[in-house]
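Below is run-v9.cif, holding mmCIF, C-alpha atoms.
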```
data_target
#
loop_
_atom_site.label_atom_id
_atom_site.label_comp_id
_atom_site.auth_asym_id
_atom_site.auth_seq_id
_atom_site.Cartn_x
_atom_site.Cartn_y
_atom_site.Cartn_z
CA MET N 1 -22.90 20.40 -266.01
CA TYR N 2 -22.30 20.74 -262.27
CA SER N 3 -19.31 22.99 -262.48
CA PHE N 4 -18.45 26.08 -264.41
CA GLU N 5 -14.91 27.28 -264.79
CA GLN N 6 -13.51 30.27 -266.67
CA LYS N 7 -10.03 31.62 -266.95
CA LEU N 8 -9.89 35.34 -266.22
CA GLU N 9 -7.09 37.86 -266.69
CA PHE N 10 -3.69 37.31 -265.03
CA GLY N 11 -4.05 33.53 -265.09
CA VAL N 12 -6.76 33.59 -262.44
CA ALA N 13 -9.50 30.95 -262.62
CA LEU N 14 -13.11 31.38 -261.57
CA HIS N 15 -15.04 28.37 -260.30
CA LEU N 16 -18.78 28.30 -259.92
CA ARG N 17 -21.19 25.82 -258.30
CA LEU N 18 -24.91 25.99 -257.75
CA PHE N 19 -26.58 24.65 -254.61
CA SER N 20 -30.20 24.21 -253.57
CA ASN N 21 -31.72 23.37 -250.18
CA VAL N 22 -28.74 24.84 -248.37
CA LYS N 23 -29.27 24.39 -244.65
CA ASN N 24 -26.34 26.35 -243.23
CA THR N 25 -26.55 29.64 -245.09
CA ARG N 26 -26.24 31.63 -241.87
CA GLU N 27 -22.97 29.87 -240.93
CA LEU N 28 -21.61 30.23 -244.45
CA ARG N 29 -22.37 33.94 -244.44
CA SER N 30 -20.66 34.54 -241.14
CA GLY N 31 -17.68 32.55 -242.38
CA VAL N 32 -17.46 34.76 -245.46
CA MET N 33 -17.85 37.93 -243.43
CA SER N 34 -15.15 36.97 -240.94
CA GLY N 35 -12.80 36.10 -243.79
CA GLN N 36 -12.63 32.39 -242.83
CA LEU N 37 -14.48 31.22 -245.91
CA LEU N 38 -12.99 32.47 -249.16
CA CYS N 39 -15.84 32.67 -251.64
CA ALA N 40 -18.79 34.77 -252.76
CA LEU N 41 -22.34 33.58 -252.01
CA ILE N 42 -24.62 34.94 -254.69
CA LYS N 43 -28.39 34.92 -255.23
CA PRO N 44 -29.29 33.19 -258.50
CA LYS N 45 -32.37 35.38 -258.90
CA LEU N 46 -30.58 38.20 -260.70
CA LEU N 47 -28.11 36.15 -262.75
CA VAL N 48 -28.96 35.85 -266.42
CA ASP N 49 -25.95 33.68 -267.25
CA PRO N 50 -22.61 32.68 -265.64
CA PHE N 51 -20.97 35.13 -268.06
CA GLN N 52 -22.45 37.95 -265.98
CA LEU N 53 -20.33 36.70 -263.07
CA VAL N 54 -17.33 36.25 -265.36
CA ILE N 55 -17.45 39.93 -266.35
CA ALA N 56 -17.93 41.14 -262.75
CA ALA N 57 -15.17 38.87 -261.42
CA ASN N 58 -12.75 39.68 -264.19
CA LYS N 59 -13.22 43.37 -263.54
CA ALA N 60 -12.47 42.74 -259.86
CA VAL N 61 -9.31 40.80 -260.77
CA VAL N 62 -8.11 43.60 -263.06
CA ARG N 63 -8.72 46.19 -260.33
CA GLN N 64 -7.07 44.09 -257.66
CA ASN N 65 -4.00 43.82 -259.83
CA VAL N 66 -3.51 47.58 -259.58
CA SER N 67 -4.69 47.68 -255.95
CA SER N 68 -7.74 49.74 -256.73
CA LEU N 69 -10.54 47.68 -255.25
CA VAL N 70 -13.45 49.78 -254.02
CA THR N 71 -14.40 47.22 -251.35
CA LYS N 72 -12.50 45.09 -248.84
CA SER N 73 -11.93 41.88 -250.78
CA ILE N 74 -12.14 40.42 -254.25
CA TYR N 75 -15.37 38.65 -253.26
CA THR N 76 -17.20 41.71 -251.99
CA GLU N 77 -15.89 43.53 -255.05
CA ILE N 78 -17.59 40.99 -257.33
CA LEU N 79 -20.95 41.58 -255.60
CA PHE N 80 -20.38 45.33 -255.81
CA ASN N 81 -19.50 45.09 -259.50
CA LEU N 82 -22.70 43.15 -260.21
CA SER N 83 -24.76 45.95 -258.74
CA PRO N 84 -25.65 49.00 -260.84
CA SER N 85 -25.62 51.04 -257.64
CA LYS N 86 -22.53 52.81 -256.30
CA ASN N 87 -23.71 52.14 -252.78
CA ILE N 88 -21.63 49.21 -251.50
CA THR N 89 -24.03 47.94 -248.84
CA GLN N 90 -26.88 48.01 -251.31
CA GLY N 91 -24.88 45.95 -253.81
CA LEU N 92 -23.89 43.37 -251.20
CA THR N 93 -27.44 42.87 -249.96
CA LYS N 94 -29.02 42.86 -253.40
CA PHE N 95 -26.68 40.29 -254.95
CA GLY N 96 -25.32 38.48 -251.91
CA VAL N 97 -27.45 35.84 -250.17
CA GLY N 98 -29.38 36.51 -246.99
CA ASP N 99 -29.56 34.14 -243.98
CA ASP N 100 -32.83 32.66 -245.20
CA ASP N 101 -31.77 31.94 -248.78
CA THR N 102 -31.49 28.28 -249.77
CA ASP N 103 -30.50 28.60 -253.45
CA ILE N 104 -26.91 29.78 -253.70
CA PHE N 105 -24.26 30.29 -256.31
CA VAL N 106 -20.85 29.69 -254.75
CA LEU N 107 -18.12 31.54 -256.61
CA VAL N 108 -14.51 30.73 -255.76
CA ILE N 109 -11.25 32.08 -257.10
CA PRO N 110 -8.97 29.56 -255.39
CA ASN N 111 -5.20 29.37 -255.23
CA SER N 112 -5.33 25.59 -255.34
CA ASP N 113 -7.75 22.76 -255.87
CA GLU N 114 -7.60 21.97 -252.13
CA GLU N 115 -8.78 25.48 -251.37
CA LEU N 116 -11.74 25.03 -253.73
CA GLN N 117 -12.65 21.63 -252.26
CA GLU N 118 -12.37 23.02 -248.74
CA VAL N 119 -14.89 25.76 -249.52
CA LEU N 120 -17.32 23.39 -251.24
CA ARG N 121 -17.12 20.94 -248.33
CA GLN N 122 -18.56 23.57 -246.01
CA VAL N 123 -21.80 23.88 -247.98
CA ASP N 124 -24.59 21.73 -246.59
CA GLY N 125 -26.92 21.49 -249.60
CA ASP N 126 -27.61 19.76 -252.92
CA MET N 127 -25.35 20.54 -255.82
CA ARG N 128 -27.34 21.33 -258.95
CA PRO N 129 -26.48 21.61 -262.63
CA ILE N 130 -25.51 25.21 -263.41
CA GLU N 131 -28.26 25.34 -266.06
CA ASP N 132 -30.90 24.93 -263.33
CA ALA N 133 -30.19 28.51 -262.29
CA LYS N 134 -32.50 29.55 -265.14
CA GLU N 135 -35.42 28.30 -263.01
CA MET N 136 -34.36 30.60 -260.17
CA LEU N 137 -33.93 33.65 -262.40
CA SER N 138 -36.41 36.50 -262.32
CA ILE N 139 -36.15 38.29 -265.63
CA ASN N 140 -38.45 41.07 -264.45
CA GLU N 141 -36.22 41.72 -261.45
CA VAL N 142 -33.16 41.86 -263.70
CA ILE N 143 -34.85 44.34 -266.03
CA LYS N 144 -35.91 46.48 -263.08
CA THR N 145 -32.58 46.29 -261.27
CA TYR N 146 -30.52 47.29 -264.29
CA SER N 147 -33.14 49.74 -265.67
CA ILE N 148 -33.40 48.12 -269.08
CA HIS N 149 -36.27 49.36 -271.22
CA ASN N 150 -38.14 47.89 -274.17
CA ASP N 151 -36.38 50.11 -276.72
CA GLU N 152 -33.16 48.42 -275.71
CA LEU N 153 -34.52 44.89 -275.57
CA ALA N 154 -35.68 45.33 -279.16
CA ILE N 155 -32.05 45.57 -280.29
CA SER N 156 -30.10 43.62 -277.67
CA ASN N 157 -30.38 40.45 -275.64
CA LEU N 158 -30.70 40.79 -271.89
CA LEU N 159 -27.26 39.37 -271.09
CA ASP N 160 -25.44 41.84 -273.36
CA SER N 161 -27.35 44.73 -271.80
CA VAL N 162 -26.47 43.62 -268.28
CA VAL N 163 -22.83 42.89 -269.06
CA THR N 164 -22.33 46.28 -270.75
CA ARG N 165 -23.69 48.04 -267.67
CA ILE N 166 -21.41 46.09 -265.35
CA ALA N 167 -18.35 46.91 -267.45
CA ALA N 168 -19.28 50.59 -267.83
CA LYS N 169 -20.45 51.16 -264.25
CA ASP N 170 -17.69 53.54 -263.18
CA CYS N 171 -18.03 55.60 -266.36
CA LEU N 172 -21.71 56.36 -265.91
CA MET H 1 3.54 38.55 -263.26
CA GLU H 2 1.31 36.14 -265.14
CA THR H 3 1.08 36.34 -268.87
CA ASP H 4 -1.40 38.80 -270.29
CA ILE H 5 -4.60 37.20 -271.51
CA THR H 6 -4.39 39.46 -274.55
CA ASP H 7 -0.91 38.28 -275.54
CA ASP H 8 -2.32 36.25 -278.38
CA PHE H 9 -4.48 39.10 -279.68
CA THR H 10 -3.53 40.22 -283.16
CA LEU H 11 -3.25 43.78 -284.37
CA TRP H 12 -6.18 44.55 -286.62
CA LYS H 13 -6.28 48.28 -287.22
CA GLN H 14 -4.11 51.18 -286.32
CA GLY H 15 -5.74 54.59 -285.89
CA ALA H 16 -4.54 58.00 -284.80
CA GLU H 17 -5.78 57.54 -281.24
CA ALA H 18 -5.69 53.82 -280.64
CA ARG H 19 -4.82 50.38 -281.90
CA LEU H 20 -7.48 47.74 -282.37
CA PHE H 21 -6.69 44.11 -281.64
CA THR H 22 -8.86 41.07 -282.11
CA GLY H 23 -8.79 37.85 -280.14
CA ASN H 24 -10.61 35.63 -277.70
CA TYR H 25 -11.43 37.28 -274.38
CA LEU H 26 -13.18 35.34 -271.62
CA GLY H 27 -14.45 32.91 -274.24
CA LYS H 28 -15.83 35.56 -276.60
CA SER H 29 -14.58 36.83 -279.92
CA SER H 30 -13.54 40.35 -278.99
CA VAL H 31 -12.00 43.62 -280.06
CA MET H 32 -9.57 45.38 -277.76
CA LYS H 33 -9.14 49.09 -278.27
CA GLU H 34 -5.95 50.32 -276.69
CA ARG H 35 -5.21 54.02 -276.66
CA PHE H 36 -1.60 55.06 -276.71
CA THR H 37 0.36 57.86 -275.13
CA LYS H 38 0.95 60.83 -277.36
CA SER H 39 4.49 61.86 -276.60
CA TYR H 40 4.08 65.34 -278.09
CA ARG H 41 1.39 66.15 -275.54
CA ASN H 42 2.00 67.23 -271.97
CA SER H 43 1.82 63.97 -270.04
CA THR H 44 -0.74 65.12 -267.45
CA LEU H 45 -3.00 66.46 -270.18
CA ASP H 46 -2.51 63.31 -272.21
CA ALA H 47 -3.47 61.05 -269.31
CA TYR H 48 -6.51 63.23 -268.60
CA LEU H 49 -7.73 63.25 -272.22
CA THR H 50 -7.22 59.51 -272.59
CA LYS H 51 -9.22 58.77 -269.46
CA GLU H 52 -12.01 61.14 -270.50
CA ARG H 53 -12.26 59.52 -273.92
CA ILE H 54 -12.40 56.02 -272.48
CA LYS H 55 -15.12 57.19 -270.10
CA ALA H 56 -17.06 58.93 -272.86
CA GLU H 57 -16.87 55.84 -275.00
CA ALA H 58 -18.19 53.47 -272.33
CA LYS H 59 -20.86 55.89 -271.18
CA THR H 60 -22.21 56.50 -274.67
CA LEU H 61 -22.21 52.78 -275.48
CA VAL H 62 -24.69 52.34 -272.63
CA ARG H 63 -26.68 55.46 -273.51
CA CYS H 64 -27.04 54.40 -277.13
CA ARG H 65 -28.27 50.93 -276.18
CA SER H 66 -30.83 52.47 -273.87
CA ALA H 67 -32.02 54.59 -276.77
CA GLY H 68 -32.39 51.50 -278.97
CA ILE H 69 -29.26 52.00 -281.05
CA PRO H 70 -27.24 48.82 -281.66
CA THR H 71 -23.68 49.10 -280.30
CA PRO H 72 -21.10 46.44 -279.38
CA THR H 73 -21.39 44.75 -275.98
CA LEU H 74 -18.77 46.00 -273.55
CA TYR H 75 -16.63 43.49 -271.61
CA LEU H 76 -14.02 45.57 -269.79
CA VAL H 77 -12.99 49.17 -269.20
CA ASP H 78 -9.41 49.43 -267.97
CA PHE H 79 -8.10 52.94 -267.30
CA GLU H 80 -4.74 51.61 -266.12
CA ARG H 81 -3.91 49.92 -269.42
CA LYS H 82 -5.93 52.49 -271.42
CA ARG H 83 -8.14 49.83 -272.94
CA ILE H 84 -11.63 48.77 -273.50
CA VAL H 85 -12.55 45.27 -274.59
CA MET H 86 -15.80 44.73 -276.45
CA GLU H 87 -17.72 42.31 -278.62
CA ASN H 88 -16.33 41.66 -282.07
CA LEU H 89 -19.24 42.08 -284.46
CA GLU H 90 -18.38 39.13 -286.66
CA ASN H 91 -18.91 39.37 -290.38
CA SER H 92 -19.48 43.07 -290.16
CA LEU H 93 -18.45 45.60 -292.72
CA THR H 94 -17.98 49.33 -292.26
CA VAL H 95 -20.59 51.33 -294.14
CA LYS H 96 -17.66 52.74 -296.07
CA ASP H 97 -16.61 49.32 -297.34
CA TYR H 98 -20.22 48.33 -297.83
CA ILE H 99 -20.79 51.26 -300.19
CA ILE H 100 -17.55 50.54 -302.06
CA GLN H 101 -18.58 46.92 -302.41
CA LEU H 102 -21.98 47.94 -303.78
CA SER H 103 -20.46 50.34 -306.27
CA GLU H 104 -18.20 47.57 -307.56
CA THR H 105 -21.01 45.17 -308.36
CA ASP H 106 -22.93 45.46 -311.60
CA ASP H 107 -26.55 45.12 -310.59
CA SER H 108 -27.21 48.86 -310.53
CA ASN H 109 -30.92 48.64 -309.79
CA ASN H 110 -30.38 46.53 -306.74
CA ASN H 111 -27.50 48.75 -305.67
CA LEU H 112 -29.72 51.81 -305.64
CA ASN H 113 -32.19 49.96 -303.45
CA GLU H 114 -29.49 48.87 -301.03
CA LEU H 115 -28.04 52.37 -300.88
CA GLU H 116 -31.47 53.79 -300.28
CA PHE H 117 -32.07 51.25 -297.53
CA ILE H 118 -28.78 51.81 -295.74
CA SER H 119 -29.24 55.59 -295.99
CA GLN H 120 -32.63 55.30 -294.34
CA GLU H 121 -31.14 53.15 -291.60
CA ILE H 122 -28.38 55.69 -290.99
CA GLY H 123 -30.92 58.52 -290.85
CA ARG H 124 -33.17 56.57 -288.52
CA LEU H 125 -30.37 55.71 -286.08
CA LEU H 126 -28.95 59.23 -286.09
CA GLY H 127 -32.44 60.61 -285.48
CA LYS H 128 -32.80 58.30 -282.49
CA MET H 129 -29.33 59.20 -281.26
CA HIS H 130 -29.92 62.92 -281.46
CA SER H 131 -33.37 62.58 -279.86
CA ALA H 132 -31.49 61.10 -276.90
CA ASN H 133 -29.17 64.15 -277.03
CA ILE H 134 -26.15 62.02 -277.86
CA ILE H 135 -23.61 63.76 -280.07
CA HIS H 136 -21.27 61.26 -281.71
CA GLY H 137 -18.47 63.73 -282.39
CA ASP H 138 -16.88 61.78 -285.23
CA LEU H 139 -19.57 60.57 -287.57
CA THR H 140 -18.03 58.90 -290.60
CA THR H 141 -18.95 55.89 -292.68
CA SER H 142 -16.05 54.06 -291.00
CA ASN H 143 -17.77 54.43 -287.63
CA MET H 144 -20.88 52.60 -288.72
CA LEU H 145 -20.94 48.84 -289.11
CA VAL H 146 -23.31 46.72 -291.15
CA THR H 147 -24.06 43.16 -290.14
CA GLN H 148 -26.13 40.84 -292.24
CA ASP H 149 -27.74 37.79 -290.86
CA ASN H 150 -30.23 35.77 -292.83
CA GLY H 151 -30.90 38.57 -295.18
CA SER H 152 -31.66 41.19 -292.55
CA VAL H 153 -29.27 44.12 -292.50
CA ARG H 154 -28.52 45.80 -289.20
CA LEU H 155 -26.58 48.96 -288.59
CA HIS H 156 -24.42 49.51 -285.50
CA LEU H 157 -22.68 52.65 -284.33
CA ILE H 158 -19.14 52.49 -282.94
CA ASP H 159 -16.24 54.64 -281.80
CA PHE H 160 -17.70 57.01 -279.25
CA GLY H 161 -14.44 58.41 -277.89
CA LEU H 162 -15.42 61.96 -278.86
CA SER H 163 -19.08 61.67 -277.93
CA TYR H 164 -20.94 63.73 -275.37
CA VAL H 165 -24.42 64.67 -274.30
CA GLN H 166 -25.80 67.98 -275.52
CA GLN H 167 -29.28 69.28 -276.24
CA SER H 168 -28.39 72.09 -278.61
CA SER H 169 -29.30 71.99 -282.29
CA GLU H 170 -25.92 73.47 -283.11
CA ASP H 171 -23.98 70.39 -281.99
CA LYS H 172 -26.38 68.06 -283.77
CA ALA H 173 -26.09 70.07 -286.96
CA VAL H 174 -22.29 69.89 -286.74
CA ASP H 175 -22.54 66.12 -286.22
CA LEU H 176 -24.55 65.85 -289.46
CA TYR H 177 -22.21 68.21 -291.26
CA VAL H 178 -19.18 66.08 -290.36
CA LEU H 179 -20.97 63.06 -291.82
CA GLU H 180 -21.91 64.96 -294.98
CA ARG H 181 -18.29 65.94 -295.52
CA ALA H 182 -17.12 62.40 -294.89
CA LEU H 183 -19.65 61.05 -297.40
CA LEU H 184 -18.66 63.55 -300.06
CA SER H 185 -14.95 62.98 -299.65
CA THR H 186 -15.01 59.18 -299.67
CA HIS H 187 -17.99 58.35 -301.82
CA SER H 188 -18.25 60.97 -304.57
CA ASN H 189 -20.65 58.77 -306.51
CA VAL H 190 -23.25 58.63 -303.77
CA ALA H 191 -23.92 62.29 -303.12
CA GLN H 192 -27.64 61.60 -303.10
CA MET H 193 -27.23 59.41 -300.00
CA PHE H 194 -27.17 62.35 -297.66
CA GLY H 195 -30.58 63.53 -298.82
CA ALA H 196 -32.05 60.11 -298.05
CA ILE H 197 -30.33 60.14 -294.65
CA LEU H 198 -31.84 63.51 -293.78
CA ASN H 199 -35.30 62.41 -294.87
CA ALA H 200 -35.24 59.40 -292.56
CA TYR H 201 -33.69 61.53 -289.82
CA GLN H 202 -36.62 63.95 -289.99
CA LEU H 203 -39.13 61.13 -289.82
CA VAL H 204 -37.89 59.79 -286.46
CA PHE H 205 -36.86 63.10 -284.98
CA LYS H 206 -39.93 65.13 -285.79
CA ASP H 207 -40.05 67.96 -283.30
CA LYS H 208 -36.58 69.40 -283.55
CA ALA H 209 -35.33 68.15 -286.93
CA LYS H 210 -36.44 71.28 -288.81
CA GLU H 211 -34.45 73.53 -286.54
CA ILE H 212 -31.41 71.29 -286.84
CA LEU H 213 -31.58 71.21 -290.64
CA LYS H 214 -31.79 75.00 -290.65
CA LYS H 215 -28.69 75.08 -288.46
CA LEU H 216 -27.06 72.64 -290.83
CA SER H 217 -27.28 75.14 -293.66
CA ASP H 218 -25.66 77.77 -291.42
CA VAL H 219 -22.89 75.31 -290.60
CA ARG H 220 -22.40 74.51 -294.28
CA ALA H 221 -21.97 78.20 -294.99
CA ARG H 222 -19.35 78.74 -292.31
CA GLY H 223 -17.69 75.38 -291.63
CA ARG H 224 -17.56 73.22 -288.53
CA LYS H 225 -16.29 75.79 -286.03
CA ARG H 226 -18.54 78.53 -284.81
CA ASP H 227 -15.83 80.81 -283.51
CA MET H 228 -12.86 82.21 -285.32
CA ILE H 229 -10.68 81.04 -282.48
CA GLY H 230 -9.36 77.52 -282.19
#
```

As structure tokens - that is how I would like this structure written.
Amino acid sequence: MYSFEQKLEFGVALHLRLFSNVKNTRELRSGVMSGQLLCALIKPKLLVDPFQLVIAANKAVVRQNVSSLVTKSIYTEILFNLSPSKNITQGLTKFGVGDDDTDIFVLVIPNSDEELQEVLRQVDGDMRPIEDAKEMLSINEVIKTYSIHNDELAISNLLDSVVTRIAAKDCL
Amino acid sequence: METDITDDFTLWKQGAEARLFTGNYLGKSSVMKERFTKSYRNSTLDAYLTKERIKAEAKTLVRCRSAGIPTPTLYLVDFERKRIVMENLENSLTVKDYIIQLSETDDSNNNLNELEFISQEIGRLLGKMHSANIIHGDLTTSNMLVTQDNGSVRLHLIDFGLSYVQQSSEDKAVDLYVLERALLSTHSNVAQMFGAILNAYQLVFKDKAKEILKKLSDVRARGRKRDMIG
């Protein structure tokens, strides 16, 4: 399965693609930062399952609907939501790709199919099945990042633990 | 405005503080708990209390998991619409209904075993919860869910809107007292359950359990409130 799509609240749709061997990460990043390229570029290393992105993105959509985003755009908000830290910069660097990254999740919440295709066209890399992200995942890093201990893993799967923390972040 | 994703949710339970709806949310079978405005309350106070309870609920869900207590997975906290959306524990039964179901079946030997087992589980989880200094605030047999999958019974705690963190034995004793009262009022035939709960509670919560049980007898003598006021 090369594409993942999920309907979020307010009729918004999330689209996800996975790329490897991306050669123009630096250009993509500067495009995103200047607002020219409308997407989020996410490191697969800390993603247990696409549902983790669904929860973070849906939360961003719900907040945007009442104009209460913490960060500048829906895409930075998604990276911020993924992070257990309340420090914005830390969230963006931990979950967003760096210039040297070659494995990238591209997350788009497009207004039209053309918009989605336009974003994907910019990526110079090999599209991979979404399931391949499992090979790029570091479970130990996830456990460390979200501070999940063995007592919890005895009663919960990792995804549920992560997702609950993302949803509850501003209550903690 | 687009249609609400929860439009096709169906009302499941109506409580004093909130309505529970079930439906599909982001591809998962979910429960939505929506708190409503209490018109008799000052509106600023009402908004404040509602927000605090939503916060307490989400916070304690995470705290309980960290302490190894099964709770539903959380999907969304929405202060604006006064909701939380969480996992629907499919095929679950409240401990209340579970006990009623047991008392209606004939196999009395087996029933005693099951009651004993569920009591131990309750005691074990509450011991863990109180060791983590989590006070539930509304412990009843309706706020505990039993799931059974391939023969293994698992207990989950829910409904943390009145929960908070507190070290004191007093608050823990009151928590237990509220449960004792709830057990006695809804399940008159299972008065012995509470003893089994306390035994298991003491086993997991060794160091402070004695002190809490001593407090419990004080609380029994005087009732839930310490002061004459309020």

- Item | Residues of chain H within 9 Å of chain N, counting all atoms listed in the file, as a VMD selection string | chain H and resid 1 to 6 25 to 27 54 to 62 64 to 78 80 86

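Distance check against Gly151 of chain H using all atoms listed in the file: of H:Glu90, H:Glu170, H:Glu114, H:Glu34, the minimum falls on H:Glu114.
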
- Query: Exactly which residues make up the result of the PyMOL selection byres ((chain H and resi 209) around 12) on this file, given as a PyMOL selection string?
  - Reply: chain H and resi 123-124+126-128+130-131+168-170+172-173+176+198-208+210-216

- For Leu137 of chain N, the closest of N:Arg29, N:Leu38, N:Leu82, N:Leu46 counting only C-alpha atoms is N:Leu46

- Message: Can you measure atom CA of Leu18 of chain N to atom CA of Asp126 of chain N for me? One decimal in Å is fine.
- Response: 8.3 Å

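Taking all atoms listed in the file, the non-local environment of Phe19 of chain N within 6 Å (same-chain residues fewer than 5 positions away omitted) comprises Asp103, Ile104, Gly125, Asp126, Met127 and Arg128 of chain N.
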
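Atom CA of Phe9 of chain H lies 7.3 Å from atom CA of Asn24 of chain H.
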
- Gly96 of chain N environment, 9 Å, all atoms listed in the file, sequence neighbours closer than 4 positions dropped, as a PyMOL selection string: chain N and resi 40-43+76+79+91-92

Go ahead and dump the residues you just picked, C-alpha atoms, as a PDB file, in the coordinates of the input.
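What landed in part_36.pdb:
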```
ATOM      1  CA  ALA N  40     -18.790  34.770-252.760  1.00  0.00           C
ATOM      2  CA  LEU N  41     -22.340  33.580-252.010  1.00  0.00           C
ATOM      3  CA  ILE N  42     -24.620  34.940-254.690  1.00  0.00           C
ATOM      4  CA  LYS N  43     -28.390  34.920-255.230  1.00  0.00           C
ATOM      5  CA  THR N  76     -17.200  41.710-251.990  1.00  0.00           C
ATOM      6  CA  LEU N  79     -20.950  41.580-255.600  1.00  0.00           C
ATOM      7  CA  GLY N  91     -24.880  45.950-253.810  1.00  0.00           C
ATOM      8  CA  LEU N  92     -23.890  43.370-251.200  1.00  0.00           C
TER       9      LEU N  92
END
```

- Item | Nearby residues (only C-alpha atoms) at most 9 Å from Ile139 of chain N, same-chain spacing under 2 positions excluded, as an MDAnalysis selection string | chainID N and resid 45:48 137 141:144 158

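Atom pair atom CA of Ser185 of chain H / atom CA of Val219 of chain H has a distance of 17.2 Å (rounded to one decimal).
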
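The residues returned by the PyMOL selection byres ((chain H and resi 156) around 10) on the shown structure are Ile69, Pro70, Thr71, Pro72, Leu89, Ser92, Thr94, Val95, Glu121, Ile122, Leu125, Asn143, Met144, Leu145, Val146, Thr147, Arg154, Leu155, Leu157 and Ile158 of chain H.
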
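Distances to Asp132 of chain N were evaluated for N:Glu118, N:Asp101, N:Asp113, N:Asp49 using all atoms listed in the file, and the minimum falls at N:Asp49.
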